[in-house]
$ cat protein-v4.txt   # compact mmCIF, C-alpha atoms
# COMPACT_ATOMS: atom_id res chain seq x y z
CA MET A 1 9.12 1.16 -25.15
CA ILE A 2 8.80 -0.81 -21.92
CA PHE A 3 10.05 1.96 -19.61
CA LEU A 4 7.46 4.46 -20.81
CA GLN A 5 4.78 1.79 -20.47
CA LEU A 6 5.96 0.95 -16.95
CA PHE A 7 5.94 4.61 -15.96
CA TYR A 8 2.43 5.05 -17.34
CA GLU A 9 1.03 1.91 -15.66
CA PHE A 10 2.50 2.79 -12.26
CA PHE A 11 1.46 6.42 -12.60
CA LYS A 12 -2.10 5.11 -12.91
CA ILE A 13 -1.61 2.92 -9.83
CA GLY A 14 -0.33 5.91 -7.84
CA LEU A 15 -3.26 7.99 -9.03
CA PHE A 16 -6.02 5.54 -8.19
CA SER A 17 -4.88 3.65 -5.12
CA ILE A 18 -6.19 5.49 -2.10
CA GLY A 19 -5.47 4.34 1.43
CA GLY A 20 -1.96 2.97 1.56
CA GLY A 21 0.20 0.11 0.39
CA LEU A 22 -2.23 -2.80 0.27
CA ALA A 23 -4.66 -0.67 -1.77
CA THR A 24 -2.22 -0.97 -4.70
CA LEU A 25 -2.70 -4.78 -4.73
CA PRO A 26 -5.86 -5.00 -6.88
CA PHE A 27 -4.13 -2.82 -9.49
CA LEU A 28 -1.04 -5.02 -9.46
CA TYR A 29 -3.24 -8.05 -10.13
CA ARG A 30 -4.79 -6.23 -13.04
CA LEU A 31 -1.28 -5.49 -14.27
CA ALA A 32 -0.31 -9.17 -14.00
CA GLN A 33 -3.40 -10.07 -16.00
CA ASN A 34 -2.70 -7.58 -18.77
CA HIS A 35 1.08 -8.10 -18.86
CA PRO A 36 1.72 -11.73 -17.86
CA GLN A 37 5.32 -11.40 -19.05
CA TRP A 38 5.93 -8.66 -16.45
CA LEU A 39 4.81 -10.47 -13.32
CA THR A 40 2.76 -13.45 -12.13
CA PRO A 41 0.29 -13.83 -9.23
CA GLN A 42 2.98 -15.87 -7.49
CA ASN A 43 5.44 -12.96 -7.89
CA ILE A 44 2.88 -10.75 -6.19
CA ALA A 45 2.45 -13.08 -3.21
CA ASP A 46 6.23 -13.26 -2.73
CA MET A 47 6.51 -9.53 -3.21
CA ILE A 48 4.10 -8.85 -0.34
CA ALA A 49 6.28 -10.95 1.98
CA ILE A 50 9.44 -9.16 0.84
CA SER A 51 7.80 -5.74 1.11
CA GLU A 52 6.55 -6.40 4.61
CA SER A 53 9.93 -7.59 5.81
CA THR A 54 12.11 -4.79 4.46
CA PRO A 55 12.15 -1.14 5.49
CA GLY A 56 10.24 1.42 3.47
CA PRO A 57 6.59 1.90 2.53
CA ILE A 58 4.99 -1.37 1.34
CA GLY A 59 3.51 0.23 -1.78
CA ILE A 60 6.91 1.54 -2.85
CA ASN A 61 8.66 -1.75 -2.17
CA MET A 62 6.06 -3.54 -4.27
CA ALA A 63 6.41 -1.06 -7.13
CA THR A 64 10.19 -1.47 -7.18
CA TYR A 65 9.91 -5.26 -7.11
CA ALA A 66 7.25 -5.40 -9.83
CA GLY A 67 9.21 -2.99 -12.06
CA PHE A 68 12.36 -5.05 -11.47
CA GLN A 69 10.62 -8.28 -12.48
CA ALA A 70 9.37 -6.59 -15.64
CA ALA A 71 12.54 -4.82 -16.79
CA GLY A 72 15.48 -5.14 -14.38
CA PRO A 73 16.95 -2.49 -12.03
CA LEU A 74 16.03 0.48 -14.24
CA GLY A 75 12.49 -0.90 -14.49
CA GLY A 76 12.26 -0.91 -10.69
CA LEU A 77 13.36 2.71 -10.51
CA ILE A 78 11.03 3.87 -13.31
CA ALA A 79 8.00 2.04 -11.85
CA THR A 80 8.65 3.61 -8.44
CA LEU A 81 9.04 7.10 -9.88
CA GLY A 82 5.82 6.58 -11.84
CA GLU A 83 3.98 5.58 -8.69
CA VAL A 84 5.12 8.61 -6.66
CA ALA A 85 4.70 11.22 -9.42
CA PRO A 86 0.92 11.69 -8.87
CA SER A 87 1.53 12.17 -5.12
CA ILE A 88 4.00 14.97 -5.76
CA ILE A 89 1.69 16.71 -8.22
CA ILE A 90 -1.42 16.36 -6.05
CA MET A 91 0.36 17.41 -2.84
CA CYS A 92 1.77 20.52 -4.49
CA ILE A 93 -1.70 21.48 -5.72
CA ILE A 94 -3.32 20.82 -2.33
CA GLY A 95 -0.49 22.58 -0.50
CA ARG A 96 -0.99 25.62 -2.72
CA PHE A 97 -4.80 25.84 -2.74
CA LEU A 98 -6.52 23.55 -0.21
CA SER A 99 -4.74 23.36 3.12
CA GLN A 100 -7.94 22.23 4.89
CA PHE A 101 -8.53 19.41 2.41
CA ASP A 102 -9.21 16.69 4.99
CA LYS A 103 -11.87 18.79 6.74
CA ASN A 104 -13.82 19.43 3.54
CA GLN A 105 -17.38 18.05 3.68
CA PHE A 106 -17.21 16.69 0.11
CA VAL A 107 -14.06 14.76 0.93
CA LYS A 108 -15.62 13.33 4.08
CA ASP A 109 -18.76 12.28 2.19
CA ALA A 110 -16.79 10.68 -0.62
CA PHE A 111 -14.79 8.69 1.90
CA TYR A 112 -17.90 7.14 3.41
CA GLY A 113 -18.35 5.14 0.18
CA LEU A 114 -14.72 5.00 -0.87
CA ARG A 115 -13.50 3.23 2.29
CA ALA A 116 -15.99 0.40 1.85
CA VAL A 117 -14.94 -0.08 -1.78
CA VAL A 118 -11.26 -0.15 -0.84
CA ILE A 119 -11.94 -2.98 1.65
CA GLY A 120 -13.79 -4.85 -1.11
CA LEU A 121 -10.84 -4.37 -3.46
CA ILE A 122 -8.36 -5.62 -0.85
CA ILE A 123 -10.55 -8.70 -0.30
CA TYR A 124 -10.46 -9.27 -4.08
CA ALA A 125 -6.67 -8.99 -4.15
CA GLY A 126 -6.43 -11.12 -1.00
CA SER A 127 -8.48 -13.89 -2.61
CA LYS A 128 -5.85 -14.11 -5.36
CA VAL A 129 -3.10 -14.49 -2.78
CA PHE A 130 -5.09 -17.22 -1.00
CA LEU A 131 -5.55 -19.00 -4.33
CA VAL A 132 -1.79 -19.07 -4.92
CA ALA A 133 -0.84 -19.98 -1.36
CA LEU A 134 -3.49 -22.46 -0.25
CA PHE A 135 -4.70 -24.07 -3.46
CA ALA A 136 -3.10 -26.05 -6.29
CA GLU A 137 -5.27 -25.99 -9.40
CA ARG A 138 -8.39 -25.33 -7.28
CA THR A 139 -7.84 -28.22 -4.85
CA LEU A 140 -7.03 -27.31 -1.28
CA ARG A 141 -3.49 -27.94 -0.08
CA TYR A 142 -4.12 -29.43 3.36
CA LYS A 143 -0.77 -28.73 5.03
CA GLU A 144 -0.98 -25.08 4.04
CA ALA A 145 -4.60 -24.76 5.13
CA VAL A 146 -3.86 -26.18 8.59
CA LEU A 147 -0.79 -23.96 8.91
CA PHE A 148 -2.90 -20.95 7.95
CA ILE A 149 -5.50 -21.66 10.62
CA ILE A 150 -2.86 -22.11 13.32
CA LEU A 151 -0.88 -19.00 12.34
CA PHE A 152 -4.03 -16.92 12.00
CA ALA A 153 -5.24 -17.93 15.46
CA LEU A 154 -1.81 -17.08 16.91
CA ALA A 155 -1.66 -13.77 15.05
CA MET A 156 -5.09 -12.74 16.31
CA LYS A 157 -4.04 -13.61 19.86
CA PHE A 158 -0.64 -11.87 19.73
CA ARG A 159 -1.45 -8.79 17.68
CA LYS A 160 1.61 -6.82 18.75
CA ILE A 161 4.07 -9.21 17.13
CA HIS A 162 5.78 -7.72 14.08
CA PRO A 163 4.83 -9.16 10.64
CA LEU A 164 8.49 -9.99 10.05
CA ILE A 165 8.36 -12.56 12.90
CA TRP A 166 5.41 -14.41 11.30
CA ILE A 167 7.15 -14.40 7.92
CA VAL A 168 10.39 -15.84 9.33
CA LEU A 169 8.47 -18.43 11.39
CA ALA A 170 6.45 -19.47 8.34
CA ALA A 171 9.60 -19.76 6.21
CA ILE A 172 11.15 -22.14 8.76
CA LEU A 173 7.92 -24.16 9.00
CA GLY A 174 7.74 -24.23 5.20
CA ILE A 175 11.14 -25.95 5.07
CA LEU A 176 10.32 -28.34 7.95
CA LEU A 177 6.95 -29.33 6.44
CA GLN A 178 8.43 -29.44 2.93
CA LEU A 179 5.84 -27.10 1.41
CA PRO A 180 4.33 -26.54 -1.10
CA SER A 181 2.46 -29.78 -0.48
CA MET B 1 6.92 29.38 3.02
CA GLU B 2 8.85 29.74 6.29
CA LYS B 3 11.42 32.46 6.71
CA HIS B 4 14.24 30.28 8.01
CA GLN B 5 15.29 28.12 5.11
CA VAL B 6 15.56 24.39 5.34
CA SER B 7 18.24 23.10 3.00
CA LEU B 8 17.27 20.56 0.36
CA GLY B 9 20.09 18.33 1.62
CA GLN B 10 18.57 18.32 5.11
CA LEU B 11 15.15 17.44 3.71
CA TYR B 12 16.66 14.57 1.72
CA ILE B 13 18.60 13.16 4.69
CA SER B 14 15.61 13.35 7.04
CA PHE B 15 13.29 11.51 4.69
CA LEU B 16 16.04 9.04 3.79
CA LYS B 17 16.11 8.16 7.50
CA ILE B 18 12.32 8.00 7.78
CA GLY B 19 12.00 5.74 4.72
CA GLY B 20 14.95 3.57 5.72
CA LEU B 21 13.98 3.01 9.32
CA THR B 22 10.26 2.31 9.15
CA PHE B 23 8.89 -1.11 8.34
CA GLY B 24 5.55 -1.18 6.61
CA GLY B 25 4.82 2.47 5.87
CA GLY B 26 1.50 4.03 6.81
CA LEU B 27 0.96 4.32 10.54
CA ALA B 28 4.32 2.72 11.30
CA MET B 29 6.10 5.83 10.06
CA LEU B 30 4.43 8.25 12.48
CA PRO B 31 6.82 7.88 15.44
CA MET B 32 9.88 8.26 13.20
CA LEU B 33 8.26 11.19 11.41
CA GLN B 34 7.52 12.91 14.70
CA ARG B 35 11.11 12.50 15.83
CA GLU B 36 12.68 13.84 12.64
CA VAL B 37 10.23 16.51 11.58
CA ILE B 38 9.01 17.85 14.93
CA GLY B 39 11.53 16.75 17.56
CA LYS B 40 14.77 17.44 15.71
CA HIS B 41 13.98 20.21 13.30
CA ARG B 42 10.67 21.78 14.38
CA TRP B 43 9.70 21.98 10.70
CA VAL B 44 5.99 21.65 11.50
CA SER B 45 3.90 21.65 14.69
CA GLU B 46 2.32 18.54 16.17
CA GLU B 47 -1.17 19.51 14.89
CA GLU B 48 0.16 20.42 11.47
CA LEU B 49 1.76 17.00 11.19
CA LEU B 50 -1.49 15.23 12.07
CA ASP B 51 -3.33 17.35 9.49
CA ILE B 52 -0.74 16.52 6.85
CA TYR B 53 -0.99 12.85 7.74
CA ALA B 54 -4.81 13.00 7.48
CA ILE B 55 -4.55 14.65 4.07
CA GLY B 56 -2.09 11.95 3.02
CA GLN B 57 -4.64 9.28 3.92
CA CYS B 58 -7.49 10.77 1.93
CA THR B 59 -5.63 11.60 -1.27
CA PRO B 60 -4.48 9.21 -3.99
CA GLY B 61 -1.12 7.50 -3.56
CA ILE B 62 0.98 5.91 -0.83
CA ILE B 63 0.39 7.63 2.53
CA ALA B 64 4.10 7.82 3.39
CA ILE B 65 4.87 9.43 0.03
CA ASN B 66 2.01 11.91 0.30
CA THR B 67 3.23 12.96 3.74
CA ALA B 68 6.81 13.41 2.51
CA SER B 69 5.65 15.37 -0.56
CA MET B 70 3.48 17.67 1.52
CA ILE B 71 6.13 18.47 4.15
CA GLY B 72 8.70 18.99 1.39
CA TYR B 73 6.32 21.35 -0.38
CA ARG B 74 5.58 23.38 2.74
CA LYS B 75 9.28 23.84 3.45
CA ARG B 76 10.80 24.31 -0.01
CA GLY B 77 8.05 24.37 -2.63
CA ILE B 78 7.89 22.01 -5.58
CA LEU B 79 11.59 21.20 -5.49
CA GLY B 80 11.32 20.40 -1.78
CA SER B 81 8.42 18.08 -2.49
CA ILE B 82 10.45 16.17 -5.07
CA VAL B 83 13.57 15.98 -2.88
CA ALA B 84 11.69 14.74 0.21
CA THR B 85 9.94 12.07 -1.86
CA LEU B 86 13.21 10.91 -3.42
CA GLY B 87 14.67 10.63 0.09
CA GLU B 88 11.70 8.54 1.21
CA ILE B 89 12.01 6.03 -1.69
CA THR B 90 15.82 5.69 -1.84
CA THR B 91 16.12 2.81 0.64
CA SER B 92 13.26 0.85 -0.95
CA VAL B 93 14.65 1.11 -4.46
CA VAL B 94 18.20 0.12 -3.49
CA LEU B 95 17.30 -2.66 -1.05
CA ILE B 96 14.53 -4.25 -3.11
CA THR B 97 16.66 -4.19 -6.27
CA LEU B 98 19.47 -6.00 -4.44
CA LEU B 99 17.08 -8.50 -2.83
CA ALA B 100 15.25 -9.21 -6.08
CA THR B 101 18.57 -9.84 -7.86
CA VAL B 102 19.63 -12.36 -5.22
CA LEU B 103 16.20 -14.03 -5.06
CA ASN B 104 15.95 -14.47 -8.81
CA GLN B 105 19.25 -16.34 -8.69
CA VAL B 106 18.25 -18.76 -5.93
CA GLU B 107 14.60 -19.27 -6.83
CA ASP B 108 15.19 -22.77 -8.19
CA ASN B 109 16.71 -23.91 -4.90
CA VAL B 110 14.44 -26.44 -3.13
CA LEU B 111 14.90 -24.88 0.32
CA VAL B 112 14.03 -21.44 -1.00
CA GLN B 113 10.90 -22.82 -2.66
CA GLN B 114 9.85 -24.54 0.56
CA ALA B 115 10.48 -21.38 2.57
CA PHE B 116 8.34 -19.37 0.17
CA GLY B 117 5.63 -22.03 0.36
CA GLY B 118 5.44 -21.23 4.08
CA ILE B 119 5.89 -17.49 3.62
CA ARG B 120 2.89 -17.30 1.28
CA VAL B 121 0.76 -18.77 4.06
CA ALA B 122 2.04 -16.05 6.42
CA VAL B 123 1.12 -13.44 3.79
CA CYS B 124 -2.46 -14.79 3.82
CA VAL B 125 -2.48 -14.34 7.58
CA LEU B 126 -1.22 -10.75 7.31
CA ILE B 127 -3.80 -9.88 4.65
CA ALA B 128 -6.64 -11.44 6.67
CA GLN B 129 -5.49 -9.44 9.69
CA ALA B 130 -5.30 -6.22 7.71
CA ILE B 131 -8.78 -6.72 6.26
CA ILE B 132 -10.26 -7.30 9.72
CA SER B 133 -8.65 -4.23 11.29
CA LEU B 134 -9.40 -1.95 8.30
CA SER B 135 -13.04 -3.12 8.22
CA LYS B 136 -13.69 -1.80 11.70
CA LYS B 137 -13.24 1.78 10.51
CA SER B 138 -14.73 1.37 7.04
CA ILE B 139 -17.70 -0.98 7.33
CA ILE B 140 -19.75 1.06 9.76
CA ASP B 141 -23.36 0.38 8.73
CA LEU B 142 -25.54 -1.69 6.38
CA PRO B 143 -24.97 0.45 3.21
CA THR B 144 -21.17 0.28 3.54
CA PHE B 145 -21.39 -3.47 4.17
CA ILE B 146 -23.49 -3.97 1.03
CA LEU B 147 -21.18 -1.72 -0.99
CA CYS B 148 -18.18 -3.77 0.13
CA CYS B 149 -19.90 -7.06 -0.81
CA LEU B 150 -20.88 -5.67 -4.22
CA THR B 151 -17.27 -4.60 -4.84
CA VAL B 152 -16.05 -8.12 -4.05
CA LEU B 153 -18.68 -9.63 -6.38
CA ALA B 154 -17.93 -7.17 -9.17
CA THR B 155 -14.16 -7.73 -9.07
CA VAL B 156 -13.94 -11.45 -8.25
CA PHE B 157 -16.70 -12.70 -10.55
CA PHE B 158 -17.10 -10.05 -13.23
CA GLU B 159 -13.55 -8.67 -13.47
CA ILE B 160 -14.81 -5.07 -13.20
CA SER B 161 -11.91 -2.62 -13.15
CA PRO B 162 -10.80 -1.37 -9.69
CA ILE B 163 -10.72 2.18 -11.06
CA LEU B 164 -14.42 1.99 -11.89
CA CYS B 165 -15.14 0.62 -8.40
CA ILE B 166 -13.28 3.56 -6.81
CA VAL B 167 -15.29 6.06 -8.87
CA VAL B 168 -18.58 4.35 -7.95
CA GLY B 169 -17.56 4.38 -4.27
CA ILE B 170 -16.92 8.13 -4.35
CA LEU B 171 -20.24 8.85 -6.09
CA PHE B 172 -22.08 6.56 -3.66
CA GLY B 173 -20.52 8.30 -0.66
CA LEU B 174 -21.42 11.76 -1.94
CA SER B 175 -25.04 10.93 -2.79
CA ALA B 176 -25.76 8.72 0.26
CA GLN B 177 -24.46 11.31 2.73
CA ASN B 178 -26.38 14.09 0.98
CA LEU B 179 -29.60 12.07 1.08
CA LYS B 180 -29.07 11.40 4.77
CA ARG B 181 -28.66 15.08 5.53
CA ARG B 182 -31.75 16.00 3.51
CA LYS B 183 -33.82 13.46 5.43
CA THR B 184 -32.73 14.69 8.85
CA ARG B 185 -33.38 18.31 7.91
$ encode --input "protein-v4.txt" --output "structure tokens"
Amino acid sequence: MIFLQLFYEFFKIGLFSIGGGLATLPFLYRLAQNHPQWLTPQNIADMIAISESTPGPIGINMATYAGFQAAGPLGGLIATLGEVAPSIIIMCIIGRFLSQFDKNQFVKDAFYGLRAVVIGLIIYAGSKVFLVALFAERTLRYKEAVLFIILFALAMKFRKIHPLIWIVLAAILGILLQLPS
Amino acid sequence: MEKHQVSLGQLYISFLKIGGLTFGGGLAMLPMLQREVIGKHRWVSEEELLDIYAIGQCTPGIIAINTASMIGYRKRGILGSIVATLGEITTSVVLITLLATVLNQVEDNVLVQQAFGGIRVAVCVLIAQAIISLSKKSIIDLPTFILCCLTVLATVFFEISPILCIVVGILFGLSAQNLKRRKTR
């Protein structure tokens, strides 16, 4: 039963991704590995762009999109509900028993190590996106690589510019340069 | 729970607005959250909201969803938590479903493929940017730097499960900080 499976997989993602939307990425790659018929690494790269350029939390947008690719509109809904279910349960428990949760010494200590791991996991997920976007069968695509360097330099200089602007600009350049090269 | 009741409908509408009008979740939702939850309704105080937001960051799940669940719970218990969360996700589910339907129909179009070729490059830029800005708060000394490198090695080259990495990170944090305190004592 694909809907039960989807709910279960996204429940796990909601339970283990700590630190916001991008933290769900490594789990989505795992999902693509284990269920190639549900979504591909390329789906995930496109999904990040779509999630960043539409309203709503990125993690939720990605869950809806991944669920949709796997099993249509109902799949999108079920995956999203699966991802938010742990939040509701955990928040109700914390709200009932531990209102000072974030000031707890154990929590602070755990986060010292946890934060570093989360960065490592995002780098892992990011490397998969780079592989899809900048490489074709492990050889560098030159047009894309040059475009990346230029856009990255611009983005570091003009940090205030909304992600949507870079995505639209890159889409136009993609058509003009006739990517993927 | 507060004496003056907040209706479930009000909770739903407020979080529908917050979810529908913020791009990117996380920090981006704070201004909208402040306007709806503090400015308009006085459901929580400014400090309470920052505490809730901090809790949302250090618990599993999407920060925006955690925040919605917690405020919903404080105002109307478990039902409130569910209703606020449903409000927060409504826009995403509807909009992404529509967009995905359209995209799947035009994905063979050459222009669309070229546009996505460019868009994927932009996504790399956004991820690189996010990693740099997140690192500043997370990679604060040599041990955290090494831990981060080990995580990359373990996942990229040995396909170790992210869940295992998370557990190791928590255990490392607990033991390293305890050791540090014992030394300074």
$ atom_distance --input "protein-v4.txt" --atom1 "CA of Leu131 in chain A" --atom2 "CA of Leu28 in chain A"
15.6 Å
$ atom_distance --input "protein-v4.txt" --atom1 "CA of Ile170 in chain B" --atom2 "CA of Thr85 in chain B"
27.3 Å
$ residues_around --input "protein-v4.txt" --residues "range 155-168 of chain A" --least-positions-apart "2" --cutoff "6 Å" --atoms "only C-alpha atoms" --output "list in words"
Ser53, Leu151, Phe152, Ala153, Ala170 and Ala171 of chain A; Ile119 and Ala122 of chain B
$ atom_distance --input "protein-v4.txt" --atom1 "CA of Gly95 in chain A" --atom2 "CA of Lys108 in chain A"
18.3 Å
$ residues_around --input "protein-v4.txt" --residues "Gly56 in chain A" --least-positions-apart "5" --cutoff "12 Å" --atoms "only C-alpha atoms" --output "PyMOL selection string"
(chain A and resi 21+50-51+61-64) or (chain B and resi 15-26+28-29+32+62-65+85+87-96)
$ closest_residue --input "protein-v4.txt" --among "B:Tyr53, B:Phe158, B:Tyr73, B:Tyr12" --to "chain A" --atoms "all atoms listed in the file"
B:Tyr73
$ closest_residue --input "protein-v4.txt" --among "A:Ala85, A:Asp109, A:Leu154, A:Ser181" --to "Ser175 in chain B" --atoms "all atoms listed in the file"
A:Asp109
$ closest_residue --input "protein-v4.txt" --among "A:Ile94, A:Leu169, A:Leu25, A:Ile18" --to "chain B" --atoms "all atoms listed in the file"
A:Ile18
$ decode --input "protein-v4.txt" --residues "range 45-55 of chain B" --atoms "all heavy atoms" --output "compact mmCIF listing (two decimals), in the first residue's frame"
# COMPACT_ATOMS: atom_id res chain seq x y z
N SER B 45 3.22 36.62 24.09
CA SER B 45 4.06 37.82 24.22
C SER B 45 5.28 37.68 23.32
O SER B 45 5.57 36.59 22.81
CB SER B 45 4.50 38.00 25.67
OG SER B 45 5.42 36.97 25.99
N GLU B 46 5.98 38.81 23.16
CA GLU B 46 7.17 38.82 22.29
C GLU B 46 8.19 37.77 22.75
O GLU B 46 8.73 37.01 21.94
CB GLU B 46 7.81 40.21 22.34
CG GLU B 46 8.89 40.46 21.33
CD GLU B 46 8.35 40.98 20.01
OE1 GLU B 46 7.39 41.79 20.01
OE2 GLU B 46 8.88 40.58 18.98
N GLU B 47 8.45 37.71 24.08
CA GLU B 47 9.45 36.76 24.60
C GLU B 47 8.99 35.33 24.40
O GLU B 47 9.76 34.45 24.06
CB GLU B 47 9.74 36.97 26.10
CG GLU B 47 10.39 38.28 26.45
CD GLU B 47 9.36 39.34 26.70
OE1 GLU B 47 8.38 39.06 27.41
OE2 GLU B 47 9.50 40.45 26.16
N GLU B 48 7.70 35.12 24.67
CA GLU B 48 7.13 33.78 24.51
C GLU B 48 7.33 33.29 23.07
O GLU B 48 7.69 32.14 22.84
CB GLU B 48 5.63 33.84 24.82
CG GLU B 48 5.16 32.85 25.85
CD GLU B 48 3.66 32.95 26.03
OE1 GLU B 48 3.12 34.08 26.08
OE2 GLU B 48 3.02 31.91 26.10
N LEU B 49 7.11 34.20 22.12
CA LEU B 49 7.24 33.82 20.71
C LEU B 49 8.68 33.42 20.39
O LEU B 49 8.92 32.42 19.71
CB LEU B 49 6.80 34.96 19.80
CG LEU B 49 6.87 34.63 18.31
CD1 LEU B 49 5.84 33.56 17.96
CD2 LEU B 49 6.66 35.85 17.45
N LEU B 50 9.64 34.19 20.93
CA LEU B 50 11.04 33.86 20.67
C LEU B 50 11.41 32.51 21.31
O LEU B 50 12.15 31.72 20.73
CB LEU B 50 11.96 34.97 21.18
CG LEU B 50 11.95 36.21 20.29
CD1 LEU B 50 12.82 37.31 20.86
CD2 LEU B 50 12.40 35.87 18.87
N ASP B 51 10.86 32.26 22.51
CA ASP B 51 11.09 30.95 23.14
C ASP B 51 10.52 29.83 22.29
O ASP B 51 11.17 28.81 22.06
CB ASP B 51 10.42 30.91 24.52
CG ASP B 51 11.28 31.59 25.57
OD1 ASP B 51 12.42 31.95 25.22
OD2 ASP B 51 10.82 31.74 26.70
N ILE B 52 9.30 30.02 21.83
CA ILE B 52 8.65 28.99 21.01
C ILE B 52 9.47 28.75 19.74
O ILE B 52 9.69 27.62 19.33
CB ILE B 52 7.20 29.43 20.65
CG1 ILE B 52 6.33 29.41 21.90
CG2 ILE B 52 6.61 28.52 19.57
CD1 ILE B 52 4.95 29.97 21.70
N TYR B 53 9.95 29.85 19.15
CA TYR B 53 10.74 29.73 17.94
C TYR B 53 12.04 28.97 18.21
O TYR B 53 12.46 28.13 17.42
CB TYR B 53 11.04 31.13 17.39
CG TYR B 53 11.70 31.11 16.05
CD1 TYR B 53 10.96 30.79 14.91
CD2 TYR B 53 13.04 31.37 15.92
CE1 TYR B 53 11.57 30.75 13.68
CE2 TYR B 53 13.66 31.33 14.69
CZ TYR B 53 12.92 31.03 13.57
OH TYR B 53 13.53 30.97 12.36
N ALA B 54 12.66 29.26 19.37
CA ALA B 54 13.90 28.56 19.74
C ALA B 54 13.63 27.07 19.95
O ALA B 54 14.41 26.22 19.52
CB ALA B 54 14.49 29.17 21.00
N ILE B 55 12.52 26.75 20.59
CA ILE B 55 12.16 25.34 20.78
C ILE B 55 11.95 24.68 19.42
O ILE B 55 12.40 23.56 19.18
CB ILE B 55 10.89 25.21 21.66
CG1 ILE B 55 11.20 25.68 23.08
CG2 ILE B 55 10.39 23.77 21.67
CD1 ILE B 55 9.99 25.74 23.99
